[in-house]
Amino acid sequence: MMRQAGRYLPEYRQVRAKAGSFLDLCYTPDLATEVTLQPIRRFGFDAAILFSDILVVPQALGQKVWFVDGEGPRLSPIDLARPGLEPERLVERLAPVFEAVSRIRAALPPETTLLGFCGAPWTLLTYMIAGRGTPDQLPARKAVLLDPAGVDRLIDVLVEASIGYLAAQLRAGADAVQIFDTWAGGLDDAGFQRLVIEPTRRIVEGLRREVPGARVIGFPKGAGGHLPTYVRETGVNAVGIDWQASLDFVRDHVQPLRPVQGNLDPLHLVTGGAALDAAVDRILDRLGGRPLIFNLGHGITPDGDIDNVTRMLGRLRGAGQR
Ligand code: CP3
């Protein structure tokens, strides 16, 4: 379940309070291991995802990153002409993340998959340029048009950083990795090709050179009609489907190419009831019987209700037996 370790769980809030800051939690292997295992213990999911954040990569490259409680991430300003990043220090600075990966793998039941992850270059760039989350990614989209060469240089750094970061996670024990491109939907056709497909293709290719057979799930949120091109051209093994996607389109044009993962609207875990049941059934009806990893179409929110997660799982597991 996307963002399965988080504030909707009381046991997470307890560890988070003990850790102090969110980033301290990410960088303390014992605590990161504990919060990764919490949803597995409680719900018995088939896969665990490493507890960390996509913004540890810009931080390990030397940009200042911090989280304001109740607001979200903040990053120090970056000058595209002189970004002053330190890619050579990345893997060393992220050592606590790899330590967490090996501890999690050792603690998980052998049949439970462990996913590592990173943010896709375009999504990271939207935070690195704006210095925070933005509803429309306007600062980054302006930079793409006003300083294409500067953007390309930054993308190159992020592609190389992502290859090294994901390779180290796989070597530490992750079974597969996921590339989160949360803001993929904010670009025009040319931008999607240049800033979503092309960098992801380079990461997948570079990663398989470092770790032969590396398995990668892409999540280009908002990709819509670009999904078939995205899977064909990037070479991902499976693709995450956001909750706005057309299920008929996915069944006809994406599932024949690759297994899909998704796509329940996380709001159903806030509201529950018969609407939740119907939404689960609809996904199984449209995408079931073909390669499908049932998941949310975006992360569970802090107001998600644990009882609704249990209800969703009961419905799914019941359907599996029918
Ligand atoms: O799925 C998991 O359980 C693994 C953990 C995970 C987190 N972030 C933990 C987190 C993963 C996979 C992410 C990815 C991530 N981080 C993305 C891509 C996926 C998506 O949701 O779109 C993005 C865009 C980020 C950046 C980020 N991190 C933002 C914008 C925020 C603030 C918003 C918020 O919910 O507070 C975060 C913080 C964050 N990352 C939290 C968690 C559990 C909440 C921090 C807290 O405990 O206070």
# chains A, B, ... in the order shown; residues from 1 in each chain; ligands from 1
call {"tool": "residues_near_ligand", "arguments": {"ligand": "ligand 1", "cutoff": "7 Å", "atoms": "only C-alpha atoms and all ligand atoms", "output": "MDAnalysis selection string"}}
result
chainID A and resid 2:7 16 22 36 49:55 69:73 117 119 133 180:182 298:299
call {"tool": "residues_around", "arguments": {"residues": "Ala161 in chain A", "least_positions_apart": "2", "cutoff": "10 Å", "atoms": "only C-alpha atoms", "output": "PDB file with N, CA and C atoms, in the first residue's frame"}}
result
ATOM      1  N   VAL A  57      17.941  12.332  -1.424  1.00  0.00           N
ATOM      2  CA  VAL A  57      18.932  12.410  -2.517  1.00  0.00           C
ATOM      3  C   VAL A  57      19.441  13.847  -2.709  1.00  0.00           C
ATOM      4  N   PRO A  58      18.542  14.854  -2.891  1.00  0.00           N
ATOM      5  CA  PRO A  58      19.071  16.226  -2.938  1.00  0.00           C
ATOM      6  C   PRO A  58      19.894  16.583  -1.699  1.00  0.00           C
ATOM      7  N   ALA A  60      21.723  14.522   0.160  1.00  0.00           N
ATOM      8  CA  ALA A  60      23.028  13.868   0.077  1.00  0.00           C
ATOM      9  C   ALA A  60      23.897  14.479  -1.027  1.00  0.00           C
ATOM     10  N   LEU A  61      23.254  15.192  -1.964  1.00  0.00           N
ATOM     11  CA  LEU A  61      24.016  15.904  -2.997  1.00  0.00           C
ATOM     12  C   LEU A  61      24.525  17.242  -2.478  1.00  0.00           C
ATOM     13  N   GLU A  86      27.482  17.756  -4.884  1.00  0.00           N
ATOM     14  CA  GLU A  86      28.624  16.876  -4.630  1.00  0.00           C
ATOM     15  C   GLU A  86      28.222  15.412  -4.839  1.00  0.00           C
ATOM     16  N   PRO A  87      28.048  15.023  -6.129  1.00  0.00           N
ATOM     17  CA  PRO A  87      27.581  13.656  -6.385  1.00  0.00           C
ATOM     18  C   PRO A  87      28.515  12.587  -5.828  1.00  0.00           C
ATOM     19  N   GLU A  88      29.811  12.922  -5.696  1.00  0.00           N
ATOM     20  CA  GLU A  88      30.768  11.894  -5.248  1.00  0.00           C
ATOM     21  C   GLU A  88      30.560  11.491  -3.789  1.00  0.00           C
ATOM     22  N   ARG A  89      29.843  12.305  -3.018  1.00  0.00           N
ATOM     23  CA  ARG A  89      29.646  11.986  -1.587  1.00  0.00           C
ATOM     24  C   ARG A  89      28.353  11.207  -1.338  1.00  0.00           C
ATOM     25  N   LEU A  90      27.530  11.045  -2.403  1.00  0.00           N
ATOM     26  CA  LEU A  90      26.156  10.565  -2.230  1.00  0.00           C
ATOM     27  C   LEU A  90      26.053   9.220  -1.508  1.00  0.00           C
ATOM     28  N   VAL A  91      26.733   8.214  -2.026  1.00  0.00           N
ATOM     29  CA  VAL A  91      26.551   6.868  -1.483  1.00  0.00           C
ATOM     30  C   VAL A  91      27.054   6.799  -0.041  1.00  0.00           C
ATOM     31  N   CYS A 118      13.338   5.598  -5.199  1.00  0.00           N
ATOM     32  CA  CYS A 118      13.891   6.943  -5.298  1.00  0.00           C
ATOM     33  C   CYS A 118      12.852   7.823  -5.974  1.00  0.00           C
ATOM     34  N   PRO A 121      14.011  11.966 -11.551  1.00  0.00           N
ATOM     35  CA  PRO A 121      14.695  13.260 -11.702  1.00  0.00           C
ATOM     36  C   PRO A 121      13.740  14.451 -11.843  1.00  0.00           C
ATOM     37  N   ILE A 155      19.446  17.370 -14.464  1.00  0.00           N
ATOM     38  CA  ILE A 155      18.861  16.042 -14.735  1.00  0.00           C
ATOM     39  C   ILE A 155      19.978  14.993 -14.828  1.00  0.00           C
ATOM     40  N   ASP A 156      21.082  15.364 -15.524  1.00  0.00           N
ATOM     41  CA  ASP A 156      22.198  14.409 -15.655  1.00  0.00           C
ATOM     42  C   ASP A 156      22.740  14.001 -14.293  1.00  0.00           C
ATOM     43  N   VAL A 157      22.894  14.979 -13.400  1.00  0.00           N
ATOM     44  CA  VAL A 157      23.395  14.672 -12.047  1.00  0.00           C
ATOM     45  C   VAL A 157      22.418  13.732 -11.339  1.00  0.00           C
ATOM     46  N   LEU A 158      21.122  14.008 -11.490  1.00  0.00           N
ATOM     47  CA  LEU A 158      20.110  13.204 -10.782  1.00  0.00           C
ATOM     48  C   LEU A 158      20.004  11.793 -11.361  1.00  0.00           C
ATOM     49  N   VAL A 159      20.182  11.664 -12.670  1.00  0.00           N
ATOM     50  CA  VAL A 159      20.163  10.324 -13.286  1.00  0.00           C
ATOM     51  C   VAL A 159      21.309   9.491 -12.705  1.00  0.00           C
ATOM     52  N   ILE A 163      21.005   6.146 -10.202  1.00  0.00           N
ATOM     53  CA  ILE A 163      21.560   4.826 -10.537  1.00  0.00           C
ATOM     54  C   ILE A 163      22.387   4.299  -9.358  1.00  0.00           C
ATOM     55  N   GLY A 164      23.276   5.153  -8.839  1.00  0.00           N
ATOM     56  CA  GLY A 164      24.128   4.724  -7.721  1.00  0.00           C
ATOM     57  C   GLY A 164      23.317   4.406  -6.472  1.00  0.00           C
ATOM     58  N   TYR A 165      22.310   5.237  -6.228  1.00  0.00           N
ATOM     59  CA  TYR A 165      21.486   5.075  -5.024  1.00  0.00           C
ATOM     60  C   TYR A 165      20.653   3.790  -5.095  1.00  0.00           C
ATOM     61  N   LEU A 166      20.018   3.544  -6.247  1.00  0.00           N
ATOM     62  CA  LEU A 166      19.187   2.341  -6.388  1.00  0.00           C
ATOM     63  C   LEU A 166      20.054   1.079  -6.422  1.00  0.00           C
ATOM     64  N   ALA A 167      21.206   1.153  -7.076  1.00  0.00           N
ATOM     65  CA  ALA A 167      22.093  -0.022  -7.123  1.00  0.00           C
ATOM     66  C   ALA A 167      22.504  -0.403  -5.701  1.00  0.00           C
ATOM     67  N   ILE A 203      17.993   5.738 -16.290  1.00  0.00           N
ATOM     68  CA  ILE A 203      18.180   5.129 -14.961  1.00  0.00           C
ATOM     69  C   ILE A 203      18.025   3.611 -15.056  1.00  0.00           C
TER      70      ILE A 203
END
call {"tool": "select_by_dssp", "arguments": {"residues": "range 25-270 of chain A", "states": "strand (DSSP E or B)", "output": "JSON, numbers by chain"}}
result
{"A": [47, 48, 49, 65, 66, 67, 68, 72, 73, 74, 75, 113, 114, 115, 116, 117, 118, 119, 132, 176, 177, 178, 179, 180, 181, 216, 217, 218, 219, 220, 238, 239, 240, 241, 260, 261, 262, 263, 264]}
call {"tool": "residues_around", "arguments": {"residues": "Ala95 in chain A", "least_positions_apart": "3", "cutoff": "10 Å", "atoms": "only C-alpha atoms", "output": "NGL selection string"}}
result
:A and (27 or 29 or 90-92 or 98-101 or 165 or 168-169)
call {"tool": "closest_residue", "arguments": {"among": "A:Gly222, A:Gly314, A:Gly191, A:Pro266", "to": "Asn295 in chain A", "atoms": "only C-alpha atoms"}}
result
A:Pro266
call {"tool": "residues_around", "arguments": {"residues": "range 248-265 of chain A", "least_positions_apart": "2", "cutoff": "7 Å", "atoms": "only C-alpha atoms", "output": "ChimeraX atom specification"}}
result
/A:227-228,237-243,246,267-268,279-280,286-287,291-297
call {"tool": "select_by_dssp", "arguments": {"residues": "range 220-309 of chain A", "states": "alpha helix (DSSP H)", "output": "PyMOL selection string"}}
result
chain A and resi 227-234+247-249+268-271+273-287+306-309
call {"tool": "atom_distance", "arguments": {"atom1": "CA of Pro110 in chain A", "atom2": "CA of Ala172 in chain A"}}
result
15.0 Å
call {"tool": "residues_around", "arguments": {"residues": "Gln137 in chain A", "least_positions_apart": "6", "cutoff": "8 Å", "atoms": "only C-alpha atoms", "output": "MDAnalysis selection string"}}
result
chainID A and resid 126 130 183 186
call {"tool": "residues_around", "arguments": {"residues": "Arg82 in chain A", "least_positions_apart": "6", "cutoff": "12 Å", "atoms": "only C-alpha atoms", "output": "VMD selection string"}}
result
chain A and resid 150 to 151 153 to 154
call {"tool": "residues_around", "arguments": {"residues": "Met312 in chain A", "least_positions_apart": "3", "cutoff": "12 Å", "atoms": "only C-alpha atoms", "output": "JSON, numbers by chain"}}
result
{"A": [1, 43, 45, 264, 265, 266, 268, 269, 270, 271, 272, 273, 274, 275, 276, 277, 278, 279, 280, 281, 283, 294, 295, 296, 305, 306, 307, 308, 309, 315, 316, 317, 318, 319]}
call {"tool": "write_last_selection", "arguments": {"atoms": "N, CA and C atoms", "output": "mmCIF file, in the first residue's frame"}}
result
data_model
loop_
_atom_site.group_PDB
_atom_site.id
_atom_site.type_symbol
_atom_site.label_atom_id
_atom_site.label_comp_id
_atom_site.auth_asym_id
_atom_site.auth_seq_id
_atom_site.Cartn_x
_atom_site.Cartn_y
_atom_site.Cartn_z
ATOM 1 N N MET A 1 0.857 -1.177 0.000
ATOM 2 C CA MET A 1 0.000 0.000 0.000
ATOM 3 C C MET A 1 0.899 1.235 0.000
ATOM 4 N N PHE A 43 -0.835 -5.685 9.127
ATOM 5 C CA PHE A 43 -1.727 -6.057 8.017
ATOM 6 C C PHE A 43 -1.255 -7.254 7.196
ATOM 7 N N PHE A 45 0.935 -7.283 4.673
ATOM 8 C CA PHE A 45 1.061 -6.979 3.238
ATOM 9 C C PHE A 45 2.060 -7.917 2.564
ATOM 10 N N LEU A 264 -6.460 2.253 -6.383
ATOM 11 C CA LEU A 264 -7.559 2.742 -5.544
ATOM 12 C C LEU A 264 -7.328 4.198 -5.107
ATOM 13 N N ASP A 265 -8.355 5.017 -5.217
ATOM 14 C CA ASP A 265 -8.294 6.394 -4.707
ATOM 15 C C ASP A 265 -8.119 6.343 -3.186
ATOM 16 N N PRO A 266 -7.003 6.882 -2.663
ATOM 17 C CA PRO A 266 -6.749 6.792 -1.214
ATOM 18 C C PRO A 266 -7.866 7.425 -0.368
ATOM 19 N N HIS A 268 -10.867 6.706 -0.428
ATOM 20 C CA HIS A 268 -11.745 5.624 0.040
ATOM 21 C C HIS A 268 -11.316 5.083 1.407
ATOM 22 N N LEU A 269 -10.040 5.261 1.744
ATOM 23 C CA LEU A 269 -9.587 4.776 3.058
ATOM 24 C C LEU A 269 -9.919 5.784 4.156
ATOM 25 N N VAL A 270 -10.340 6.971 3.762
ATOM 26 C CA VAL A 270 -10.850 7.952 4.728
ATOM 27 C C VAL A 270 -12.353 7.728 4.912
ATOM 28 N N THR A 271 -13.052 7.491 3.807
ATOM 29 C CA THR A 271 -14.522 7.473 3.871
ATOM 30 C C THR A 271 -15.114 6.059 4.043
ATOM 31 N N GLY A 272 -14.472 5.032 3.520
ATOM 32 C CA GLY A 272 -14.878 3.641 3.766
ATOM 33 C C GLY A 272 -16.257 3.264 3.221
ATOM 34 N N GLY A 273 -16.885 2.287 3.905
ATOM 35 C CA GLY A 273 -18.257 1.889 3.596
ATOM 36 C C GLY A 273 -18.414 1.178 2.264
ATOM 37 N N ALA A 274 -19.660 1.214 1.779
ATOM 38 C CA ALA A 274 -20.000 0.495 0.544
ATOM 39 C C ALA A 274 -19.248 1.070 -0.656
ATOM 40 N N ALA A 275 -18.941 2.368 -0.619
ATOM 41 C CA ALA A 275 -18.212 2.978 -1.746
ATOM 42 C C ALA A 275 -16.805 2.381 -1.853
ATOM 43 N N LEU A 276 -16.192 2.100 -0.717
ATOM 44 C CA LEU A 276 -14.868 1.451 -0.718
ATOM 45 C C LEU A 276 -14.976 0.057 -1.339
ATOM 46 N N ASP A 277 -15.947 -0.728 -0.883
ATOM 47 C CA ASP A 277 -16.130 -2.078 -1.430
ATOM 48 C C ASP A 277 -16.320 -2.023 -2.946
ATOM 49 N N ALA A 278 -17.163 -1.106 -3.387
ATOM 50 C CA ALA A 278 -17.464 -1.019 -4.825
ATOM 51 C C ALA A 278 -16.213 -0.639 -5.618
ATOM 52 N N ALA A 279 -15.392 0.247 -5.042
ATOM 53 C CA ALA A 279 -14.186 0.680 -5.758
ATOM 54 C C ALA A 279 -13.183 -0.467 -5.864
ATOM 55 N N VAL A 280 -13.053 -1.264 -4.784
ATOM 56 C CA VAL A 280 -12.161 -2.436 -4.825
ATOM 57 C C VAL A 280 -12.666 -3.412 -5.896
ATOM 58 N N ASP A 281 -13.974 -3.694 -5.873
ATOM 59 C CA ASP A 281 -14.548 -4.645 -6.831
ATOM 60 C C ASP A 281 -14.352 -4.182 -8.272
ATOM 61 N N ILE A 283 -11.957 -2.333 -9.540
ATOM 62 C CA ILE A 283 -10.568 -2.549 -9.995
ATOM 63 C C ILE A 283 -10.356 -4.030 -10.319
ATOM 64 N N PHE A 294 -2.435 -5.196 -6.646
ATOM 65 C CA PHE A 294 -3.421 -4.268 -6.087
ATOM 66 C C PHE A 294 -2.705 -3.288 -5.166
ATOM 67 N N ASN A 295 -3.030 -2.006 -5.302
ATOM 68 C CA ASN A 295 -2.396 -0.974 -4.476
ATOM 69 C C ASN A 295 -3.284 0.263 -4.514
ATOM 70 N N LEU A 296 -2.864 1.285 -3.797
ATOM 71 C CA LEU A 296 -3.526 2.579 -3.904
ATOM 72 C C LEU A 296 -2.992 3.288 -5.146
ATOM 73 N N ASP A 305 -8.200 5.642 7.649
ATOM 74 C CA ASP A 305 -8.722 4.928 8.821
ATOM 75 C C ASP A 305 -8.254 3.470 8.767
ATOM 76 N N ILE A 306 -7.622 3.031 9.852
ATOM 77 C CA ILE A 306 -7.089 1.670 9.924
ATOM 78 C C ILE A 306 -8.189 0.628 9.661
ATOM 79 N N ASP A 307 -9.388 0.883 10.160
ATOM 80 C CA ASP A 307 -10.488 -0.075 9.942
ATOM 81 C C ASP A 307 -10.831 -0.190 8.458
ATOM 82 N N ASN A 308 -10.677 0.896 7.724
ATOM 83 C CA ASN A 308 -10.950 0.833 6.285
ATOM 84 C C ASN A 308 -9.865 0.048 5.544
ATOM 85 N N VAL A 309 -8.615 0.144 6.025
ATOM 86 C CA VAL A 309 -7.542 -0.669 5.430
ATOM 87 C C VAL A 309 -7.876 -2.144 5.642
ATOM 88 N N ARG A 315 -11.816 -7.675 1.774
ATOM 89 C CA ARG A 315 -12.501 -7.773 0.485
ATOM 90 C C ARG A 315 -11.585 -8.396 -0.575
ATOM 91 N N LEU A 316 -10.328 -7.922 -0.598
ATOM 92 C CA LEU A 316 -9.359 -8.429 -1.585
ATOM 93 C C LEU A 316 -9.054 -9.902 -1.357
ATOM 94 N N ARG A 317 -8.804 -10.238 -0.096
ATOM 95 C CA ARG A 317 -8.397 -11.623 0.205
ATOM 96 C C ARG A 317 -9.577 -12.558 0.000
ATOM 97 N N GLY A 318 -10.776 -12.085 0.289
ATOM 98 C CA GLY A 318 -11.979 -12.871 0.013
ATOM 99 C C GLY A 318 -12.119 -13.108 -1.484
ATOM 100 N N ALA A 319 -11.872 -12.048 -2.280
ATOM 101 C CA ALA A 319 -11.985 -12.174 -3.738
ATOM 102 C C ALA A 319 -10.950 -13.156 -4.260
#
call {"tool": "atom_distance", "arguments": {"atom1": "CA of Val211 in chain A", "atom2": "CA of Gly84 in chain A"}}
result
28.9 Å
call {"tool": "atom_distance", "arguments": {"atom1": "CA of Pro220 in chain A", "atom2": "CA of Ser102 in chain A"}}
result
27.5 Å
call {"tool": "closest_residue", "arguments": {"among": "A:Leu80, A:Leu108, A:Ile129, A:Ala120", "to": "Glu34 in chain A", "atoms": "only C-alpha atoms"}}
result
A:Leu108
